[in-house]
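> So that you have it, the file is model-v3.json, and it contains JSON, C-alpha atoms:
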[["chain", "number", "residue", "atom", "x", "y", "z"],
["A", 1, "MET", "CA", 119.31, 94.59, 121.09],
["A", 2, "ILE", "CA", 115.82, 96.06, 121.26],
["A", 3, "ALA", "CA", 113.95, 94.87, 124.35],
["A", 4, "THR", "CA", 110.54, 94.11, 122.86],
["A", 5, "LEU", "CA", 107.14, 93.14, 124.23],
["A", 6, "LEU", "CA", 105.31, 90.79, 121.86],
["A", 7, "VAL", "CA", 101.51, 91.07, 121.89],
["A", 8, "GLU", "CA", 99.88, 88.33, 119.80],
["A", 9, "ASP", "CA", 96.72, 86.38, 120.65],
["A", 10, "ASN", "CA", 97.51, 83.36, 118.45],
["A", 11, "GLU", "CA", 98.86, 80.85, 120.97],
["A", 12, "ARG", "CA", 100.74, 78.90, 118.30],
["A", 13, "LEU", "CA", 102.21, 81.85, 116.45],
["A", 14, "ARG", "CA", 103.36, 83.77, 119.52],
["A", 15, "PRO", "CA", 106.18, 81.43, 120.70],
["A", 16, "ALA", "CA", 107.33, 80.83, 117.12],
["A", 17, "LEU", "CA", 107.50, 84.55, 116.41],
["A", 18, "ALA", "CA", 109.28, 85.21, 119.70],
["A", 19, "ALA", "CA", 111.89, 82.56, 118.84],
["A", 20, "GLY", "CA", 112.32, 84.01, 115.37],
["A", 21, "LEU", "CA", 112.81, 87.54, 116.65],
["A", 22, "ASN", "CA", 115.31, 86.41, 119.28],
["A", 23, "ALA", "CA", 117.19, 84.48, 116.61],
["A", 24, "THR", "CA", 117.83, 87.68, 114.63],
["A", 25, "GLY", "CA", 120.25, 88.82, 117.32],
["A", 26, "ALA", "CA", 118.79, 92.32, 117.03],
["A", 27, "VAL", "CA", 115.73, 91.83, 119.24],
["A", 28, "GLN", "CA", 115.22, 90.42, 122.71],
["A", 29, "VAL", "CA", 111.62, 89.47, 123.45],
["A", 30, "VAL", "CA", 111.36, 90.40, 127.11],
["A", 31, "GLY", "CA", 107.71, 89.44, 127.46],
["A", 32, "ASP", "CA", 104.72, 88.19, 125.53],
["A", 33, "CYS", "CA", 100.96, 88.19, 126.01],
["A", 34, "GLY", "CA", 97.71, 87.87, 124.10],
["A", 35, "SER", "CA", 95.54, 90.81, 125.16],
["A", 36, "GLY", "CA", 95.73, 94.58, 125.32],
["A", 37, "GLU", "CA", 94.95, 94.53, 129.02],
["A", 38, "ASP", "CA", 97.89, 92.21, 129.70],
["A", 39, "ALA", "CA", 100.12, 94.36, 127.51],
["A", 40, "LEU", "CA", 99.28, 97.45, 129.56],
["A", 41, "SER", "CA", 99.97, 95.56, 132.80],
["A", 42, "ALA", "CA", 103.30, 94.28, 131.43],
["A", 43, "CYS", "CA", 104.39, 97.80, 130.46],
["A", 44, "LEU", "CA", 103.41, 99.23, 133.83],
["A", 45, "ALA", "CA", 105.47, 96.51, 135.52],
["A", 46, "ALA", "CA", 108.53, 96.83, 133.26],
["A", 47, "PRO", "CA", 108.31, 99.08, 130.20],
["A", 48, "PRO", "CA", 110.05, 97.63, 127.11],
["A", 49, "GLU", "CA", 111.94, 99.61, 124.50],
["A", 50, "ALA", "CA", 109.37, 98.70, 121.84],
["A", 51, "ILE", "CA", 106.19, 96.70, 121.29],
["A", 52, "LEU", "CA", 105.26, 94.41, 118.43],
["A", 53, "MET", "CA", 101.46, 94.49, 118.55],
["A", 54, "ASP", "CA", 98.88, 92.49, 116.66],
["A", 55, "VAL", "CA", 95.83, 94.64, 115.93],
["A", 56, "GLN", "CA", 93.27, 91.91, 116.58],
["A", 57, "LEU", "CA", 93.62, 90.72, 120.17],
["A", 58, "ALA", "CA", 91.81, 88.70, 122.78],
["A", 59, "GLY", "CA", 90.15, 90.81, 125.43],
["A", 60, "ARG", "CA", 88.27, 94.09, 125.40],
["A", 61, "MET", "CA", 90.85, 96.30, 123.69],
["A", 62, "ASN", "CA", 92.19, 95.90, 120.18],
["A", 63, "GLY", "CA", 95.85, 96.58, 119.52],
["A", 64, "ILE", "CA", 95.33, 100.22, 118.56],
["A", 65, "GLU", "CA", 93.36, 100.92, 121.72],
["A", 66, "ALA", "CA", 95.96, 99.11, 123.81],
["A", 67, "ALA", "CA", 98.74, 101.22, 122.30],
["A", 68, "VAL", "CA", 96.84, 104.41, 123.07],
["A", 69, "ALA", "CA", 96.41, 103.32, 126.70],
["A", 70, "ILE", "CA", 100.07, 102.36, 126.96],
["A", 71, "ARG", "CA", 101.33, 105.57, 125.36],
["A", 72, "ARG", "CA", 99.20, 107.56, 127.76],
["A", 73, "GLU", "CA", 101.45, 106.17, 130.50],
["A", 74, "PHE", "CA", 104.64, 106.07, 128.38],
["A", 75, "PRO", "CA", 104.43, 108.84, 125.77],
["A", 76, "ARG", "CA", 105.46, 107.75, 122.26],
["A", 77, "LEU", "CA", 106.66, 104.35, 123.36],
["A", 78, "PRO", "CA", 107.54, 102.72, 119.99],
["A", 79, "VAL", "CA", 104.92, 100.34, 118.61],
["A", 80, "VAL", "CA", 104.91, 98.25, 115.45],
["A", 81, "PHE", "CA", 101.38, 97.17, 114.55],
["A", 82, "TYR", "CA", 100.83, 94.23, 112.26],
["A", 83, "SER", "CA", 97.56, 92.74, 111.12],
["A", 84, "ILE", "CA", 95.96, 90.31, 108.74],
["A", 85, "GLN", "CA", 92.53, 91.88, 109.26],
["A", 86, "ASP", "CA", 90.95, 94.23, 106.72],
["A", 87, "ASP", "CA", 88.29, 95.78, 108.90],
["A", 88, "ASP", "CA", 87.05, 99.38, 108.81],
["A", 89, "ALA", "CA", 86.84, 99.39, 112.61],
["A", 90, "TYR", "CA", 90.60, 98.95, 112.98],
["A", 91, "TYR", "CA", 91.43, 101.63, 110.41],
["A", 92, "ARG", "CA", 88.94, 103.93, 112.11],
["A", 93, "ALA", "CA", 90.54, 103.24, 115.49],
["A", 94, "PHE", "CA", 93.97, 104.03, 114.06],
["A", 95, "GLN", "CA", 92.74, 107.20, 112.39],
["A", 96, "ARG", "CA", 91.24, 108.42, 115.67],
["A", 97, "SER", "CA", 94.18, 107.34, 117.84],
["A", 98, "GLY", "CA", 96.25, 110.44, 117.08],
["A", 99, "ILE", "CA", 99.43, 108.34, 116.81],
["A", 100, "LEU", "CA", 101.94, 110.46, 114.90],
["A", 101, "SER", "CA", 105.42, 109.02, 115.36],
["A", 102, "HIS", "CA", 107.44, 106.12, 116.78],
["A", 103, "TYR", "CA", 105.27, 103.56, 115.01],
["A", 104, "ALA", "CA", 104.78, 101.31, 112.02],
["A", 105, "TYR", "CA", 101.56, 99.73, 110.79],
["A", 106, "VAL", "CA", 101.90, 96.88, 108.30],
["A", 107, "ARG", "CA", 100.06, 93.90, 106.89],
["A", 108, "LYS", "CA", 101.27, 90.53, 108.15],
["A", 109, "SER", "CA", 101.19, 89.22, 104.59],
["A", 110, "ASN", "CA", 103.69, 91.88, 103.49],
["A", 111, "PHE", "CA", 106.05, 91.41, 106.46],
["A", 112, "LEU", "CA", 106.07, 87.68, 107.08],
["A", 113, "LEU", "CA", 109.54, 87.09, 108.47],
["A", 114, "PRO", "CA", 111.10, 88.26, 111.76],
["A", 115, "GLN", "CA", 114.05, 89.80, 109.89],
["A", 116, "MET", "CA", 111.56, 91.99, 108.01],
["A", 117, "ILE", "CA", 110.13, 93.26, 111.29],
["A", 118, "VAL", "CA", 113.50, 94.25, 112.80],
["A", 119, "PRO", "CA", 113.96, 97.38, 110.59],
["A", 120, "LEU", "CA", 110.46, 98.50, 111.52],
["A", 121, "LEU", "CA", 111.26, 98.21, 115.22],
["A", 122, "ARG", "CA", 114.54, 100.10, 114.74],
["A", 123, "ASP", "CA", 112.82, 102.91, 112.85],
["A", 124, "ALA", "CA", 110.06, 103.17, 115.46],
["A", 125, "VAL", "CA", 112.65, 103.37, 118.25],
["A", 126, "SER", "CA", 114.39, 106.12, 116.29],
["A", 127, "GLY", "CA", 111.18, 108.13, 116.19],
["A", 128, "ARG", "CA", 110.25, 107.48, 112.60],
["A", 129, "SER", "CA", 106.88, 106.29, 111.32],
["A", 130, "PHE", "CA", 105.90, 103.94, 108.53],
["A", 131, "ILE", "CA", 102.53, 102.81, 107.25],
["A", 132, "ASP", "CA", 102.09, 100.06, 104.71],
["A", 133, "PRO", "CA", 100.76, 101.68, 101.49],
["A", 134, "ASP", "CA", 97.91, 99.15, 101.40],
["A", 135, "ILE", "CA", 96.86, 100.17, 104.90],
["A", 136, "GLU", "CA", 97.33, 103.89, 104.23],
["A", 137, "SER", "CA", 94.92, 103.72, 101.31],
["A", 138, "ARG", "CA", 92.33, 101.91, 103.44],
["A", 139, "VAL", "CA", 92.70, 104.44, 106.29],
["A", 140, "GLN", "CA", 92.10, 107.23, 103.77],
["A", 141, "GLU", "CA", 89.11, 105.35, 102.34],
["A", 142, "VAL", "CA", 87.55, 105.03, 105.80],
["A", 143, "ARG", "CA", 88.30, 108.71, 106.55],
["A", 144, "GLU", "CA", 86.47, 109.80, 103.39],
["A", 145, "LYS", "CA", 83.59, 107.42, 104.07],
["A", 146, "ASP", "CA", 83.17, 108.78, 107.60],
["A", 147, "ALA", "CA", 83.35, 112.38, 106.41],
["A", 148, "GLN", "CA", 80.33, 111.71, 104.21],
["A", 149, "SER", "CA", 78.39, 109.96, 106.97],
["A", 150, "PRO", "CA", 75.39, 111.84, 108.42],
["A", 151, "MET", "CA", 76.58, 110.92, 111.92],
["A", 152, "ALA", "CA", 79.82, 112.81, 111.27],
["A", 153, "LEU", "CA", 77.74, 116.00, 111.20],
["A", 154, "LEU", "CA", 76.59, 115.49, 114.79],
["A", 155, "GLU", "CA", 78.28, 116.12, 118.12],
["A", 156, "PRO", "CA", 78.69, 113.07, 120.41],
["A", 157, "ASN", "CA", 75.60, 113.74, 122.53],
["A", 158, "GLU", "CA", 73.55, 114.29, 119.37],
["A", 159, "GLN", "CA", 74.81, 110.99, 117.96],
["A", 160, "ALA", "CA", 73.68, 109.20, 121.13],
["A", 161, "VAL", "CA", 70.21, 110.73, 120.87],
["A", 162, "ALA", "CA", 69.97, 109.93, 117.14],
["A", 163, "ARG", "CA", 70.76, 106.27, 117.78],
["A", 164, "MET", "CA", 68.03, 106.07, 120.43],
["A", 165, "LEU", "CA", 65.55, 107.83, 118.15],
["A", 166, "ALA", "CA", 66.33, 105.20, 115.51],
["A", 167, "GLN", "CA", 65.41, 102.52, 118.07],
["A", 168, "GLY", "CA", 61.97, 104.11, 118.45],
["A", 169, "MET", "CA", 62.54, 105.50, 121.94],
["A", 170, "SER", "CA", 60.47, 108.48, 123.09],
["A", 171, "ASN", "CA", 61.94, 111.76, 124.34],
["A", 172, "GLU", "CA", 61.01, 110.75, 127.89],
["A", 173, "GLN", "CA", 62.79, 107.40, 127.53],
["A", 174, "ILE", "CA", 65.88, 109.01, 126.01],
["A", 175, "ALA", "CA", 66.00, 111.65, 128.74],
["A", 176, "ALA", "CA", 65.79, 108.94, 131.40],
["A", 177, "ARG", "CA", 68.46, 106.80, 129.70],
["A", 178, "LEU", "CA", 70.88, 109.71, 129.36],
["A", 179, "GLY", "CA", 70.16, 111.15, 132.81],
["A", 180, "PHE", "CA", 68.51, 114.40, 131.71],
["A", 181, "ARG", "CA", 66.13, 115.95, 134.21],
["A", 182, "ASP", "CA", 64.13, 117.81, 131.56],
["A", 183, "LYS", "CA", 62.82, 115.92, 128.53],
["A", 184, "ARG", "CA", 62.75, 119.26, 126.67],
["A", 185, "SER", "CA", 66.54, 118.94, 126.43],
["A", 186, "ILE", "CA", 65.95, 116.03, 124.06],
["A", 187, "SER", "CA", 63.55, 118.13, 121.97],
["A", 188, "ARG", "CA", 66.21, 120.81, 121.69],
["A", 189, "THR", "CA", 68.79, 118.19, 120.72],
["A", 190, "ASN", "CA", 66.39, 116.80, 118.12],
["A", 191, "GLY", "CA", 66.13, 120.28, 116.65],
["A", 192, "GLN", "CA", 69.91, 120.44, 116.25],
["A", 193, "ILE", "CA", 69.96, 116.98, 114.63],
["A", 194, "TYR", "CA", 67.26, 117.93, 112.13],
["A", 195, "ALA", "CA", 69.02, 121.20, 111.34],
["A", 196, "ALA", "CA", 72.35, 119.44, 110.77],
["A", 197, "TRP", "CA", 70.68, 116.95, 108.44],
["A", 198, "GLY", "CA", 68.66, 119.56, 106.55],
["A", 199, "LEU", "CA", 65.37, 118.21, 107.89],
["A", 200, "ALA", "CA", 64.30, 121.19, 109.99],
["A", 201, "ASP", "CA", 61.49, 122.20, 107.62],
["A", 202, "THR", "CA", 60.32, 118.71, 106.59],
["A", 203, "THR", "CA", 57.34, 116.72, 107.77],
["A", 204, "THR", "CA", 57.39, 114.28, 110.66],
["A", 205, "ASP", "CA", 57.24, 111.32, 108.29],
["A", 206, "GLU", "CA", 60.32, 112.56, 106.43],
["A", 207, "LYS", "CA", 62.16, 113.05, 109.71],
["A", 208, "VAL", "CA", 61.33, 109.49, 110.74]]
Would you mind writing the file out in structure tokens?

Amino acid sequence: MIATLLVEDNERLRPALAAGLNATGAVQVVGDCGSGEDALSACLAAPPEAILMDVQLAGRMNGIEAAVAIRREFPRLPVVFYSIQDDDAYYRAFQRSGILSHYAYVRKSNFLLPQMIVPLLRDAVSGRSFIDPDIESRVQEVREKDAQSPMALLEPNEQAVARMLAQGMSNEQIAARLGFRDKRSISRTNGQIYAAWGLADTTTDEKV
């Protein structure tokens, strides 16, 4: 049997799903919790063989972020993600997670029953990966959307400055917020932002 940690924030669904998985005879739910933080603590205390992880969770971390934190401590620990949410933020988090193997990512609506989840857990434990075609197309859609975003043309520090410029903050205010000693550093960063966006030779009004 696969010793599995169940991470699900729905208080009613969690015990029912745990009972259903145990009833398959192929899975033993060795722990359950409702947040990514609790999942990390549970793994640090007693790492399971696999995790069944909802993507939307209570707490600060979503399921993707929790898996990244857990796999930092336990490299490639098998995780099966399942979600009913269709949110760009989750697909973006998955895209940026760098998770390559020992995982599955499926829609709850396509994998409703515990016996449908068991093969996913087995494959993840074996090192294979599987992504629901519906989710794969949405991940690709978000990837293409982000690639066309002006912010994707900027480095992280430039993105931070651009967001503060958009809020109407002055160079002095931005320098103070970001801890720069010289406000001219912000002017130099602005120059890189305008160059990246093709605004270097435009008027101030156009830049704004």
> Quick one: residues within 12 Å of (101.8, 104.8, 125.4) (file frame), counting all atoms listed in the file, please, as number ranges by chain.
A: 36, 39-41, 43-44, 47-51, 63-79, 97-103
> Which residues, written as a PDB file with C-alpha atoms, in the frame of the given file, have at least one atom at most 7 Å from stretch 157-166 of chain A, with all atoms listed in the file counted and residues fewer than 5 positions away on the same chain left out?

ATOM      1  CA  MET A 151      76.580 110.920 111.920  1.00  0.00           C
ATOM      2  CA  ILE A 174      65.880 109.010 126.010  1.00  0.00           C
ATOM      3  CA  THR A 189      68.790 118.190 120.720  1.00  0.00           C
ATOM      4  CA  ILE A 193      69.960 116.980 114.630  1.00  0.00           C
TER       5      ILE A 193
END
> Which of these residues is nearest to A:Asp146, using all atoms listed in the file: A:Leu120, A:Leu178, A:Ala89, A:Ala46?
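Selected residue with least distance to A:Asp146: A:Ala89.
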> If you count only C-alpha atoms, which residues fall within 7 Å of A:Val139, apart from same-chain ones fewer than 3 positions away, as an MDAnalysis selection string?
chainID A and resid 91:92 95 135:136 142:143
> Take the selection from the previous step and output its residues with C-alpha atoms, as a PDB file, keeping the file's coordinate frame.

ATOM      1  CA  TYR A  91      91.430 101.630 110.410  1.00  0.00           C
ATOM      2  CA  ARG A  92      88.940 103.930 112.110  1.00  0.00           C
ATOM      3  CA  GLN A  95      92.740 107.200 112.390  1.00  0.00           C
ATOM      4  CA  ILE A 135      96.860 100.170 104.900  1.00  0.00           C
ATOM      5  CA  GLU A 136      97.330 103.890 104.230  1.00  0.00           C
ATOM      6  CA  VAL A 142      87.550 105.030 105.800  1.00  0.00           C
ATOM      7  CA  ARG A 143      88.300 108.710 106.550  1.00  0.00           C
TER       8      ARG A 143
END
> Hey, can you check how far atom CA of A:Leu52 sits from atom CA of A:Ser137?
22.1 Å
